[in-house]
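To be precise, the following lines are protein_32.csv, and they hold CSV, C-alpha atoms.
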chain,number,residue,atom,x,y,z
A,1005,MET,CA,-15.3,-9.2,-6.5
A,1006,ASN,CA,-17.0,-11.4,-3.9
A,1007,GLU,CA,-20.6,-10.3,-3.3
A,1008,ARG,CA,-19.9,-10.2,0.5
A,1009,ILE,CA,-17.9,-7.0,0.2
A,1010,LEU,CA,-21.1,-5.1,-0.7
A,1011,GLU,CA,-21.7,-4.8,3.1
A,1012,ILE,CA,-18.5,-2.8,3.6
A,1013,VAL,CA,-18.2,-0.7,0.4
A,1014,VAL,CA,-19.9,2.7,-0.3
A,1015,SER,CA,-19.8,5.4,-2.9
A,1016,PRO,CA,-16.6,7.3,-2.7
A,1017,CYS,CA,-18.6,10.4,-3.6
A,1018,CYS,CA,-21.2,10.5,-0.9
A,1019,LYS,CA,-20.4,7.4,1.3
A,1020,SER,CA,-23.9,6.0,0.6
A,1021,GLU,CA,-24.8,2.4,0.0
A,1022,LEU,CA,-23.9,0.7,-3.2
A,1023,VAL,CA,-26.1,-2.0,-4.8
A,1024,THR,CA,-25.5,-4.3,-7.7
A,1025,LYS,CA,-27.2,-2.8,-10.8
A,1026,SER,CA,-26.1,-5.4,-13.3
A,1027,VAL,CA,-24.1,-8.6,-13.3
A,1028,PHE,CA,-22.8,-9.5,-16.8
A,1029,ILE,CA,-20.4,-12.4,-15.8
A,1030,SER,CA,-20.2,-14.2,-12.5
A,1031,ALA,CA,-18.7,-17.3,-11.1
A,1032,LYS,CA,-19.3,-19.6,-8.2
A,1033,SER,CA,-16.5,-20.7,-5.9
A,1034,ASP,CA,-16.4,-24.4,-5.1
A,1035,SER,CA,-14.9,-23.6,-1.7
A,1036,ASP,CA,-17.6,-21.5,-0.1
A,1037,LYS,CA,-20.3,-21.3,-2.7
A,1038,ALA,CA,-19.9,-17.6,-2.8
A,1039,VAL,CA,-20.8,-15.6,-5.9
A,1040,LYS,CA,-17.9,-13.8,-7.5
A,1041,ILE,CA,-18.8,-10.9,-9.9
A,1042,ILE,CA,-16.3,-10.8,-12.7
A,1043,GLN,CA,-18.1,-8.1,-14.7
A,1044,GLY,CA,-20.9,-5.9,-13.6
A,1045,ILE,CA,-22.0,-2.4,-12.4
A,1046,LEU,CA,-22.5,-1.0,-8.9
A,1047,SER,CA,-24.9,1.9,-8.4
A,1048,CYS,CA,-25.5,4.5,-5.8
A,1049,SER,CA,-29.1,5.9,-5.5
A,1050,ALA,CA,-28.0,8.9,-3.5
A,1051,CYS,CA,-25.4,10.5,-5.8
A,1052,GLN,CA,-26.6,8.7,-8.9
A,1053,ARG,CA,-23.1,7.5,-9.8
A,1054,GLU,CA,-22.2,4.1,-11.3
A,1055,PHE,CA,-19.0,2.1,-10.9
A,1056,PRO,CA,-17.8,-0.7,-13.1
A,1057,ILE,CA,-16.5,-4.1,-12.0
A,1058,ILE,CA,-14.0,-5.3,-14.6
A,1059,ASP,CA,-11.9,-8.5,-14.3
A,1060,SER,CA,-13.3,-8.9,-10.8
A,1061,ILE,CA,-11.9,-5.6,-9.6
A,1062,PRO,CA,-14.5,-2.9,-8.7
A,1063,ARG,CA,-13.4,0.6,-9.8
A,1064,LEU,CA,-14.7,2.6,-6.9
A,1065,CYS,CA,-13.1,6.0,-7.7
A,1066,LEU,CA,-14.4,9.3,-9.1
A,1067,ASN,CA,-11.8,9.6,-11.9
A,1068,LEU,CA,-12.4,6.6,-14.1
A,1069,PHE,CA,-10.2,5.7,-17.0
A,1070,GLU,CA,-11.7,6.0,-20.5
A,1071,ASP,CA,-12.1,2.2,-20.9
A,1072,GLU,CA,-14.0,2.1,-17.6
A,1073,LYS,CA,-16.3,4.9,-18.8
A,1074,ILE,CA,-16.8,3.0,-22.1
A,1075,PHE,CA,-17.7,-0.1,-20.1
A,1076,LEU,CA,-20.4,1.8,-18.2
A,1077,ARG,CA,-21.8,3.2,-21.5
A,1078,GLY,CA,-21.7,-0.2,-23.3
A,1079,SER,CA,-24.4,-2.7,-23.6
A,1080,HIS,CA,-23.9,-6.2,-22.2
A,1081,VAL,CA,-25.7,-9.5,-22.2
A,1082,ASN,CA,-26.4,-11.1,-18.9
A,1083,GLU,CA,-24.7,-14.4,-18.6
A,1084,THR,CA,-23.4,-16.7,-15.9
A,1085,ASP,CA,-20.0,-18.2,-16.0
A,1086,ASP,CA,-19.6,-21.5,-14.2
A,1087,ARG,CA,-15.8,-21.1,-13.8
A,1088,CYS,CA,-14.4,-21.8,-10.4
A,1089,ASP,CA,-11.4,-20.8,-8.4
A,1090,ASN,CA,-9.4,-23.7,-9.8
A,1091,GLU,CA,-9.2,-22.0,-13.1
A,1092,MET,CA,-7.0,-19.3,-11.7
A,1093,PRO,CA,-3.5,-19.3,-13.1
A,1094,ASN,CA,-1.1,-21.5,-11.2
A,1095,GLU,CA,1.8,-20.1,-9.1
A,1096,GLU,CA,4.3,-20.3,-12.0
A,1097,GLU,CA,1.9,-18.6,-14.5
A,1098,SER,CA,1.0,-15.9,-11.9
A,1099,LYS,CA,4.7,-15.2,-11.3
A,1100,TYR,CA,5.3,-14.9,-15.0
A,1101,GLN,CA,2.4,-12.5,-15.5
A,1102,ILE,CA,3.5,-10.5,-12.4
A,1103,GLU,CA,7.0,-10.1,-13.9
A,1104,GLN,CA,5.6,-8.9,-17.2
A,1105,ILE,CA,3.6,-6.2,-15.6
A,1106,VAL,CA,6.4,-5.1,-13.3
A,1107,ARG,CA,8.9,-4.8,-16.2
A,1108,ARG,CA,6.4,-2.7,-18.1
A,1109,LYS,CA,6.1,-0.4,-15.1
A,1110,ILE,CA,9.8,-0.2,-14.3
A,1111,LEU,CA,11.8,0.3,-17.5
A,1112,ILE,CA,15.6,0.3,-17.6
A,1113,PRO,CA,16.8,3.3,-19.6
A,1114,LYS,CA,18.7,2.4,-22.8
A,1115,ASN,CA,21.7,4.6,-21.7
A,1116,ALA,CA,21.8,3.1,-18.1
A,1117,GLY,CA,25.2,2.2,-16.8
A,1118,ALA,CA,26.0,-1.0,-14.8
A,1119,TYR,CA,25.2,0.7,-11.4
A,1120,LEU,CA,21.7,1.8,-12.5
A,1121,LYS,CA,20.9,-1.5,-14.2
A,1122,LYS,CA,21.7,-3.4,-11.1
A,1123,ARG,CA,19.6,-1.1,-8.9
A,1124,ILE,CA,16.6,-1.4,-11.2
A,1125,GLU,CA,17.0,-5.2,-11.5
A,1126,ASN,CA,17.1,-5.4,-7.7
A,1127,GLU,CA,13.9,-3.4,-7.5
A,1128,ILE,CA,12.2,-5.6,-10.1
A,1129,LYS,CA,13.3,-8.7,-8.3
A,1130,PHE,CA,11.9,-7.3,-5.0
A,1131,ARG,CA,8.5,-6.5,-6.5
A,1132,VAL,CA,8.2,-9.8,-8.3
A,1133,SER,CA,9.3,-12.3,-5.7
A,1134,GLU,CA,10.7,-10.8,-2.5
A,1135,CYS,CA,8.1,-8.2,-1.4
A,1136,GLU,CA,6.2,-10.9,0.6
A,1137,LYS,CA,9.0,-11.0,3.2
A,1138,GLN,CA,7.3,-8.4,5.6
A,1139,ASP,CA,7.4,-10.2,8.9
A,1140,LYS,CA,8.8,-7.0,10.5
A,1141,TYR,CA,5.4,-5.3,10.1
A,1142,LEU,CA,3.7,-8.3,11.6
A,1143,LYS,CA,6.0,-8.5,14.6
A,1144,THR,CA,5.7,-4.7,15.2
A,1145,LEU,CA,1.9,-4.7,15.0
A,1146,SER,CA,1.6,-7.8,17.2
A,1147,ALA,CA,3.5,-6.1,20.0
A,1148,TYR,CA,1.0,-3.3,20.2
A,1149,TYR,CA,-2.3,-4.8,19.3
A,1150,LYS,CA,-3.7,-8.0,20.8
A,1151,GLY,CA,-7.2,-7.8,19.4
A,1152,GLN,CA,-8.9,-9.7,16.7
A,1153,CYS,CA,-7.8,-9.3,13.1
A,1154,ASN,CA,-10.9,-10.7,11.4
A,1155,ARG,CA,-11.0,-7.8,8.8
A,1156,ILE,CA,-7.9,-6.1,7.5
A,1157,LEU,CA,-7.8,-3.1,5.0
A,1158,GLU,CA,-4.6,-2.2,3.3
A,1159,VAL,CA,-4.5,1.2,1.6
A,1160,GLY,CA,-2.0,1.6,-1.3
A,1161,GLY,CA,-1.1,-2.1,-1.2
A,1162,GLY,CA,1.0,-2.0,-4.4
A,1163,GLN,CA,2.3,-5.4,-5.4
A,1164,GLY,CA,0.4,-7.2,-2.6
A,1165,GLY,CA,3.5,-8.4,-0.8
A,1166,LEU,CA,2.3,-7.2,2.7
A,1167,ALA,CA,-1.1,-8.7,2.0
A,1168,LYS,CA,0.4,-12.1,1.3
A,1169,CYS,CA,2.4,-11.9,4.5
A,1170,LEU,CA,-0.5,-10.8,6.7
A,1171,THR,CA,-3.0,-13.2,5.2
A,1172,ASN,CA,-0.7,-16.2,5.7
A,1173,SER,CA,0.1,-15.2,9.3
A,1174,LEU,CA,-3.2,-13.7,10.6
A,1175,CYS,CA,-5.7,-15.6,8.5
A,1176,PRO,CA,-8.4,-12.9,8.5
A,1177,ASN,CA,-11.9,-13.6,7.4
A,1178,LEU,CA,-11.6,-10.6,5.0
A,1179,TYR,CA,-8.6,-8.8,3.5
A,1180,VAL,CA,-9.3,-5.9,1.3
A,1181,MET,CA,-6.6,-4.0,-0.6
A,1182,VAL,CA,-7.3,-0.5,-2.1
A,1183,ASP,CA,-4.9,0.9,-4.7
A,1184,LEU,CA,-5.5,3.6,-7.4
A,1185,ASP,CA,-2.9,2.1,-9.8
A,1186,LEU,CA,-4.6,-0.6,-11.8
A,1187,ASP,CA,-1.4,-2.3,-12.8
A,1188,TRP,CA,-0.4,-2.8,-9.2
A,1189,ALA,CA,-3.9,-3.9,-8.4
A,1190,ARG,CA,-3.7,-6.6,-11.0
A,1191,VAL,CA,-0.3,-7.7,-9.6
A,1192,ALA,CA,-1.8,-7.9,-6.1
A,1193,SER,CA,-4.8,-9.9,-7.5
A,1194,LEU,CA,-2.5,-12.4,-9.2
A,1195,ARG,CA,-0.4,-12.8,-6.0
A,1196,ASN,CA,-3.4,-13.0,-3.7
A,1197,PRO,CA,-6.4,-14.7,-5.3
A,1198,ASN,CA,-8.3,-14.6,-2.0
A,1199,VAL,CA,-7.7,-10.9,-1.3
A,1200,GLU,CA,-10.4,-8.5,-2.4
A,1201,ILE,CA,-8.9,-5.9,-4.6
A,1202,ILE,CA,-10.5,-2.4,-5.2
A,1203,ARG,CA,-9.2,0.3,-7.4
A,1204,GLY,CA,-9.8,3.3,-5.3
A,1205,ASP,CA,-8.5,6.7,-4.0
A,1206,ALA,CA,-6.9,6.9,-0.6
A,1207,THR,CA,-8.4,10.3,-0.1
A,1208,LYS,CA,-11.9,9.1,-0.8
A,1209,LEU,CA,-12.0,5.5,0.5
A,1210,PRO,CA,-15.1,3.7,-0.7
A,1211,ILE,CA,-15.4,2.0,2.7
A,1212,ARG,CA,-18.0,2.4,5.6
A,1213,ASP,CA,-16.9,3.8,8.9
A,1214,ASP,CA,-15.3,1.5,11.5
A,1215,MET,CA,-15.4,-1.5,9.2
A,1216,PHE,CA,-12.0,-3.0,9.8
A,1217,ASP,CA,-10.1,-4.3,12.8
A,1218,VAL,CA,-6.8,-3.3,11.3
A,1219,VAL,CA,-6.1,-0.6,8.6
A,1220,ILE,CA,-2.5,-0.6,7.4
A,1221,SER,CA,-0.6,1.5,4.9
A,1222,GLN,CA,3.1,1.4,4.0
A,1223,ALA,CA,5.1,3.4,1.4
A,1224,MET,CA,1.9,5.1,0.1
A,1225,LEU,CA,1.3,8.3,2.1
A,1226,GLU,CA,4.3,10.1,0.6
A,1227,HIS,CA,2.9,9.8,-2.8
A,1228,ILE,CA,-0.5,11.4,-2.0
A,1229,PRO,CA,-0.7,15.2,-2.5
A,1230,ASP,CA,-3.6,15.5,0.0
A,1231,HIS,CA,-2.1,13.2,2.6
A,1232,THR,CA,-4.1,14.9,5.3
A,1233,ALA,CA,-7.3,13.6,3.7
A,1234,ALA,CA,-5.8,10.1,3.3
A,1235,LEU,CA,-4.9,10.0,7.0
A,1236,HIS,CA,-8.4,11.0,8.0
A,1237,GLU,CA,-10.0,8.4,5.7
A,1238,MET,CA,-7.8,5.6,7.2
A,1239,CYS,CA,-8.7,6.7,10.7
A,1240,ARG,CA,-12.4,6.8,9.8
A,1241,THR,CA,-12.4,3.3,8.4
A,1242,THR,CA,-10.6,1.5,11.2
A,1243,ARG,CA,-12.5,0.2,14.2
A,1244,ALA,CA,-9.4,-0.5,16.4
A,1245,VAL,CA,-5.9,0.1,15.0
A,1246,LEU,CA,-4.1,1.9,12.2
A,1247,PHE,CA,-0.5,1.1,11.3
A,1248,VAL,CA,0.9,3.8,8.9
A,1249,ALA,CA,4.4,3.9,7.5
A,1250,TRP,CA,5.9,6.4,5.1
A,1251,GLY,CA,9.2,8.0,4.2
A,1252,PRO,CA,11.2,10.0,4.1
A,1253,ASN,CA,10.5,12.1,7.1
A,1254,LYS,CA,10.5,15.8,6.1
A,1255,ASN,CA,12.7,16.6,9.1
A,1256,SER,CA,15.4,14.2,8.0
A,1257,LEU,CA,17.9,15.5,5.5
A,1258,TYR,CA,18.2,12.6,3.1
A,1259,ASP,CA,15.6,11.1,0.9
A,1260,PHE,CA,16.4,7.4,1.0
A,1261,GLY,CA,14.4,5.3,-1.4
A,1262,HIS,CA,13.0,7.9,-3.8
A,1263,LEU,CA,15.5,10.6,-4.8
A,1264,ASP,CA,18.4,9.1,-2.9
A,1265,ALA,CA,19.7,12.6,-2.3
A,1266,PRO,CA,19.8,15.2,0.6
A,1267,VAL,CA,16.8,17.1,-0.6
A,1268,THR,CA,14.0,17.0,2.0
A,1269,LEU,CA,14.6,20.4,3.5
A,1270,PHE,CA,14.7,22.3,0.2
A,1271,SER,CA,12.0,23.8,-1.9
A,1272,ARG,CA,11.1,21.7,-5.0
A,1273,LYS,CA,13.0,24.0,-7.3
A,1274,ASN,CA,16.1,23.8,-5.2
A,1275,ALA,CA,15.6,20.1,-4.4
A,1276,LYS,CA,15.8,19.3,-8.1
A,1277,LYS,CA,19.1,21.3,-8.5
A,1278,VAL,CA,20.6,19.5,-5.4
A,1279,ALA,CA,19.5,16.1,-6.7
A,1280,ILE,CA,20.9,16.7,-10.1
A,1281,LEU,CA,24.3,17.8,-8.7
A,1282,TRP,CA,24.3,14.9,-6.2
A,1283,HIS,CA,23.7,12.2,-8.8
A,1284,LYS,CA,26.2,13.8,-11.1
A,1285,MET,CA,28.8,13.6,-8.4
A,1286,LEU,CA,28.0,10.0,-7.6
A,1287,LYS,CA,27.7,9.0,-11.3
A,1288,THR,CA,24.5,7.1,-10.9
A,1289,ASP,CA,23.2,7.7,-14.4
A,1290,ARG,CA,20.0,9.3,-13.1
A,1291,THR,CA,18.6,11.6,-15.7
A,1292,HIS,CA,17.0,15.0,-15.2
A,1293,GLU,CA,13.7,13.5,-16.3
A,1294,TRP,CA,13.8,10.8,-13.7
A,1295,ILE,CA,14.7,13.3,-11.0
A,1296,SER,CA,11.8,15.5,-12.0
A,1297,SER,CA,9.4,12.6,-12.1
A,1298,GLU,CA,10.4,11.4,-8.7
A,1299,LEU,CA,10.0,14.9,-7.2
A,1300,ASP,CA,6.6,15.3,-8.8
A,1301,GLY,CA,5.4,12.1,-7.1
A,1302,THR,CA,7.0,12.5,-3.7
A,1303,PHE,CA,5.7,14.7,-0.9
A,1304,TYR,CA,7.7,15.1,2.3
A,1305,ILE,CA,5.7,14.7,5.5
A,1306,SER,CA,7.0,15.4,9.0
A,1307,THR,CA,6.6,12.9,11.8
A,1308,GLY,CA,5.2,15.6,14.1
A,1309,PHE,CA,2.4,16.5,11.7
A,1310,VAL,CA,1.2,12.9,11.5
A,1311,LYS,CA,1.4,12.4,15.3
A,1312,ARG,CA,-0.7,15.5,16.0
A,1313,LEU,CA,-3.4,14.4,13.5
A,1314,LEU,CA,-3.5,10.8,14.8
A,1315,LYS,CA,-3.8,11.9,18.4
A,1316,THR,CA,-7.2,13.3,17.7
A,1317,TYR,CA,-8.4,9.7,17.1
A,1318,GLY,CA,-6.9,7.9,20.0
A,1319,THR,CA,-3.6,6.7,21.5
A,1320,VAL,CA,-0.5,7.0,19.3
A,1321,PHE,CA,2.8,5.1,19.4
A,1322,ASN,CA,5.9,6.0,17.4
A,1323,VAL,CA,7.2,2.5,16.6
A,1324,PHE,CA,10.3,3.4,14.6
A,1325,THR,CA,12.7,1.8,17.0
A,1326,GLU,CA,10.7,-1.4,17.4
A,1327,PHE,CA,10.3,-1.7,13.6
A,1328,CYS,CA,14.0,-1.1,12.9
A,1329,MET,CA,15.0,-3.7,15.5
A,1330,ASN,CA,12.6,-6.2,14.0
A,1331,SER,CA,14.0,-5.3,10.6
A,1332,LEU,CA,17.5,-6.1,11.8
A,1333,ARG,CA,16.4,-9.5,13.0
A,1334,SER,CA,14.6,-10.4,9.7
A,1335,GLU,CA,16.4,-12.5,7.2
A,1336,TYR,CA,15.7,-10.2,4.2
A,1337,SER,CA,16.9,-6.7,3.4
A,1338,TYR,CA,15.9,-5.0,0.1
A,1339,ARG,CA,18.5,-2.3,0.4
A,1340,GLY,CA,21.3,-1.4,2.8
A,1341,GLY,CA,22.3,-5.0,3.4
A,1342,ARG,CA,25.8,-4.1,4.6
A,1343,ILE,CA,24.7,-1.5,7.0
A,1344,LYS,CA,22.0,-3.8,8.3
A,1345,ASN,CA,24.5,-6.6,9.0
A,1346,LEU,CA,26.8,-4.2,10.8
A,1347,LEU,CA,24.0,-2.8,13.0
A,1348,ALA,CA,22.7,-6.3,13.7
A,1349,LYS,CA,26.0,-7.2,15.3
A,1350,MET,CA,25.6,-4.3,17.8
A,1351,PRO,CA,22.0,-4.4,18.9
A,1352,MET,CA,22.3,-2.3,22.0
A,1353,LEU,CA,24.2,0.5,20.1
A,1354,SER,CA,21.7,0.2,17.2
A,1355,LYS,CA,18.7,0.6,19.5
A,1356,GLY,CA,20.3,3.6,21.1
A,1357,ILE,CA,20.9,5.2,17.7
A,1358,PHE,CA,17.3,4.5,16.7
A,1359,LYS,CA,15.9,5.9,20.0
A,1360,LEU,CA,18.0,9.1,19.5
A,1361,LEU,CA,16.7,9.7,16.0
A,1362,GLU,CA,13.1,9.1,17.2
A,1363,PHE,CA,13.6,11.5,20.2
A,1364,LEU,CA,14.9,14.2,17.8
A,1365,MET,CA,12.1,13.5,15.4
A,1366,ILE,CA,14.5,13.1,12.5
A,1367,GLU,CA,14.1,9.4,11.9
A,1368,PRO,CA,14.5,8.8,8.1
A,1369,GLN,CA,11.5,6.5,7.8
A,1370,CYS,CA,8.3,6.9,9.9
A,1371,TYR,CA,6.2,4.2,11.6
A,1372,TYR,CA,3.2,5.0,13.7
A,1373,ILE,CA,0.5,2.9,15.3
A,1374,LEU,CA,-2.9,4.4,16.3
A,1375,ILE,CA,-5.0,2.5,18.8
A,1376,LYS,CA,-8.4,4.0,18.1
A,1377,LEU,CA,-10.3,2.2,20.8
A,1378,ASN,CA,-8.2,2.0,24.0
A,1379,GLU,CA,-9.9,-1.1,25.3
A,1380,HIS,CA,-8.3,-3.0,22.5
A,1381,ASN,CA,-4.8,-2.0,23.6
A,1382,GLU,CA,-3.3,-4.5,26.1
A,1383,PRO,CA,-0.2,-3.6,28.1
A,1384,ARG,CA,3.0,-4.6,26.3
A,1385,SER,CA,5.5,-6.9,28.1
Whole structure, structure tokens version:
Amino acid sequence: MNERILEIVVSPCCKSELVTKSVFISAKSDSDKAVKIIQGILSCSACQREFPIIDSIPRLCLNLFEDEKIFLRGSHVNETDDRCDNEMPNEEESKYQIEQIVRRKILIPKNAGAYLKKRIENEIKFRVSECEKQDKYLKTLSAYYKGQCNRILEVGGGQGGLAKCLTNSLCPNLYVMVDLDLDWARVASLRNPNVEIIRGDATKLPIRDDMFDVVISQAMLEHIPDHTAALHEMCRTTRAVLFVAWGPNKNSLYDFGHLDAPVTLFSRKNAKKVAILWHKMLKTDRTHEWISSELDGTFYISTGFVKRLLKTYGTVFNVFTEFCMNSLRSEYSYRGGRIKNLLAKMPMLSKGIFKLLEFLMIEPQCYYILIKLNEHNEPRS
């Protein structure tokens, strides 16, 4: 953790200032002479809470893991480590470590058939080496927001692919990524050594108000039970623009990407029955346990609900059509390659289909941009 982020972080409990209570291991960067805290403790005088910094990742959340609690209770000897950034693992070593973590997270069932094995291997490949190909987000954002992107916050950044894309293209002075899952936080840290990683809760972001020019979240909101609180927190922390993407839309029939079944309109009990029957018919080898796990971690949110909430903060744009058109023009497609190639050959028809889905509010995936301060929104060409 670079010491400079102390000016933007707060206690997730009371939103008061955090100070460095102890530094056990630190390092200086040759590039900018900044001090990087590798191990230490942050403290809040208002709520009396303490938060550990372990392996350069501050753990700014209320529900700490047992090893994080032990770290806070332990005794440490102050020491300074003269290691510099050049001791970070090289690209090949980082990729190897990333793959090891991803394969621990995404296991292939022993009884999986050829279809399921291929699907899971494709997902692993995406998370390891393909998730950086996110220019469709960059192009969509750039069409609606012309302001400065000096500070970017990504909430639920997962493997850090979008962070890699945006930092390479926009070159912000500060890019902070918050994720509650420590494994994904480590993956993002390995992929993006210059990105500040925080283990934190989207519903209690440890960030000051109006701190970031751009706040972005993709494929995270549908996994948050209290997604209302998460949306308010993201709106609170952005100074100018929020780009939020999630899926599936509750109003669409099919859950593409999680359950891969027509379940969004059913109660959870009935959705499980439908998903079991659906995967049995398609012979996908998906087990009852997998279906239950996916349902437990997926919450269906309607596009209308999010639009109404965001409008209380500023001007809102549904950018589903623009995002889809940018996706058709991109070189990479994680899934649905055949459909994408077909639609790309008929751009006018494709745009009409996307516009119709958007008008009926039944688009399968949802993409919204909030311009919080209208003076930062320049007319689009």
Per residue of range 1134-1209 of chain A within 9 Å of range 1061-1080 of chain A, note the shortest atom pair and the distance in Å to one decimal, counting all atoms listed in the file, and order the rows by chain and increasing residue number, as CSV.
residue,atom,partner,partner_atom,distance
A:Leu1184,CA,A:Cys1065,CA,8.0
A:Ala1189,CA,A:Ile1061,CA,8.3
A:Arg1190,CA,A:Ile1061,CA,8.4
A:Ser1193,CA,A:Ile1061,CA,8.6
A:Glu1200,CA,A:Ile1061,CA,7.9
A:Ile1201,CA,A:Ile1061,CA,5.8
A:Ile1202,CA,A:Pro1062,CA,5.3
A:Arg1203,CA,A:Arg1063,CA,4.8
A:Gly1204,CA,A:Cys1065,CA,4.9
A:Asp1205,CA,A:Cys1065,CA,5.9
A:Lys1208,CA,A:Cys1065,CA,7.7
A:Leu1209,CA,A:Cys1065,CA,8.3
Inset, instruction - One decimal, Å: what's the distance from CA of Arg1195 in chain A over to CA of Val1013 in chain A, could you say? - result: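 We find that CA of Arg1195 in chain A and CA of Val1013 in chain A lie 22.5 Å from each other.
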Inset, instruction - Counting only C-alpha atoms, figure out which residue out of A:Ile1012, A:Met1005, A:Val1278, A:Cys1048 gets nearest to Asp1213 in chain A. - result: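 Of A:Ile1012, A:Met1005, A:Val1278, A:Cys1048, the one nearest Asp1213 in chain A, counting only C-alpha atoms, is A:Ile1012.
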Legend entry - For Ser1047 in chain A: contacts at 7 Å, all atoms listed in the file, fewer than 3 positions along chain excluded, given as number ranges by chain: A: 1022-1025, 1053-1055
Residues of range 1118-1197 of chain A at most 10 Å from range 1240-1257 of chain A: nearest atom pair and distance in Å, only C-alpha atoms, as a Markdown table:
| residue | atom | partner | partner_atom | distance |
| --- | --- | --- | --- | --- |
| A:Tyr1141 | CA | A:Phe1247 | CA | 8.8 |
| A:Thr1144 | CA | A:Phe1247 | CA | 9.3 |
| A:Leu1145 | CA | A:Phe1247 | CA | 7.3 |
| A:Tyr1148 | CA | A:Val1245 | CA | 9.3 |
| A:Tyr1149 | CA | A:Val1245 | CA | 7.4 |
| A:Gly1151 | CA | A:Ala1244 | CA | 8.2 |
| A:Gln1152 | CA | A:Ala1244 | CA | 9.2 |
| A:Cys1153 | CA | A:Ala1244 | CA | 9.5 |
| A:Arg1155 | CA | A:Thr1242 | CA | 9.6 |
| A:Ile1156 | CA | A:Thr1242 | CA | 8.9 |
| A:Leu1157 | CA | A:Thr1242 | CA | 8.2 |
| A:Glu1158 | CA | A:Phe1247 | CA | 9.6 |
| A:Val1159 | CA | A:Val1248 | CA | 9.4 |
Inset, instruction - With a distance cut-off of 12 Å and all atoms listed in the file, select the neighbouring residues of Pro1113 in chain A, excluding the residue or stretch itself and same-chain residues fewer than 4 positions from it, and output the selection as a VMD selection string. - result: chain A and resid 1107 1117 to 1118 1120 to 1125 1289 to 1291 1293 to 1294
Inset, instruction - Name the residues in contact with Val1310 in chain A at a cut-off of 12 Å, using only C-alpha atoms, excluding same-chain residues fewer than 2 positions from it; report them as a ChimeraX atom specification. - result: /A:1225-1226,1231-1236,1239,1247-1251,1253-1254,1304-1308,1312-1317,1320-1322,1365,1370-1374
Inset, instruction - Would you please work out which residue, of A:Leu1347, A:Ala1167, A:Val1014, A:Ile1029, is nearest to Ser1049 in chain A when using only C-alpha atoms? - result: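 Closest residue, counting only C-alpha atoms: A:Val1014.
CA of Leu1046 in chain A is found 13.9 Å from CA of Ser1030 in chain A.
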Enumerate, in order of chain and increasing residue number, the residues of range 1181-1222 of chain A with an atom no farther than 8 Å from range 1018-1021 of chain A, each with its shortest atom pair and distance in Å to one decimal, counting all atoms listed in the file, as a Markdown table.
| residue | atom | partner | partner_atom | distance |
| --- | --- | --- | --- | --- |
| A:Pro1210 | CA | A:Lys1019 | CA | 6.8 |
| A:Ile1211 | CA | A:Lys1019 | CA | 7.5 |
| A:Arg1212 | CA | A:Lys1019 | CA | 7.0 |
Inset, instruction - Please check which residues have atoms at most 6 Å from (-15.1, -11.0, 8.2) in the file's coordinates, counting all atoms listed in the file, and write them as an NGL selection string. - result: :A and (1154-1155 or 1177-1178)
Skip range 1186-1188 of chain A itself and residues of its chain fewer than 5 positions away, then list as a PDB file with C-alpha atoms, in the coordinates of the input all residues within 7 Å of it, counting all atoms listed in the file.
ATOM      1  CA  ILE A1105       3.600  -6.200 -15.600  1.00  0.00           C
ATOM      2  CA  GLY A1162       1.000  -2.000  -4.400  1.00  0.00           C
ATOM      3  CA  GLN A1163       2.300  -5.400  -5.400  1.00  0.00           C
ATOM      4  CA  ARG A1203      -9.200   0.300  -7.400  1.00  0.00           C
TER       5      ARG A1203
END
Give as a PDB file with C-alpha atoms, keeping the file's coordinate frame every residue, naming chains and numbers as the document does, that has an atom within 6 Å of (6.9, 10.5, -2.0), counting all atoms listed in the file.
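Printed below is point00.pdb as written:
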ATOM      1  CA  GLU A1226       4.300  10.100   0.600  1.00  0.00           C
ATOM      2  CA  HIS A1227       2.900   9.800  -2.800  1.00  0.00           C
ATOM      3  CA  GLY A1301       5.400  12.100  -7.100  1.00  0.00           C
ATOM      4  CA  THR A1302       7.000  12.500  -3.700  1.00  0.00           C
ATOM      5  CA  PHE A1303       5.700  14.700  -0.900  1.00  0.00           C
TER       6      PHE A1303
END
Inset, instruction - In Å, rounded to a single decimal, give me how far CA of Ala1223 in chain A is from CA of Gly1160 in chain A. - result: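 Atom-to-atom, CA of Gly1160 in chain A to CA of Ala1223 in chain A, that is 7.8 Å.
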Legend entry - Residue nearest Lys1376 in chain A - candidates A:Tyr1100, A:Phe1327, A:Asp1217, A:Gly1356, atoms counted: all atoms listed in the file: A:Asp1217
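Using all atoms listed in the file, the protein and nucleic acid residues lying no more than 6 Å from Gly1161 in chain A, apart from those fewer than 3 places from it along its own chain, are Glu1158, Gly1164, Met1181 and Asp1183 of chain A.
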Inset, instruction - Counting only C-alpha atoms, figure out which residue out of A:Pro1197, A:Gly1261, A:Pro1266, A:Pro1351 gets nearest to Ser1098 in chain A. - result: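 Checking each of A:Pro1197, A:Gly1261, A:Pro1266, A:Pro1351 against Ser1098 in chain A, counting only C-alpha atoms, the winner is A:Pro1197.
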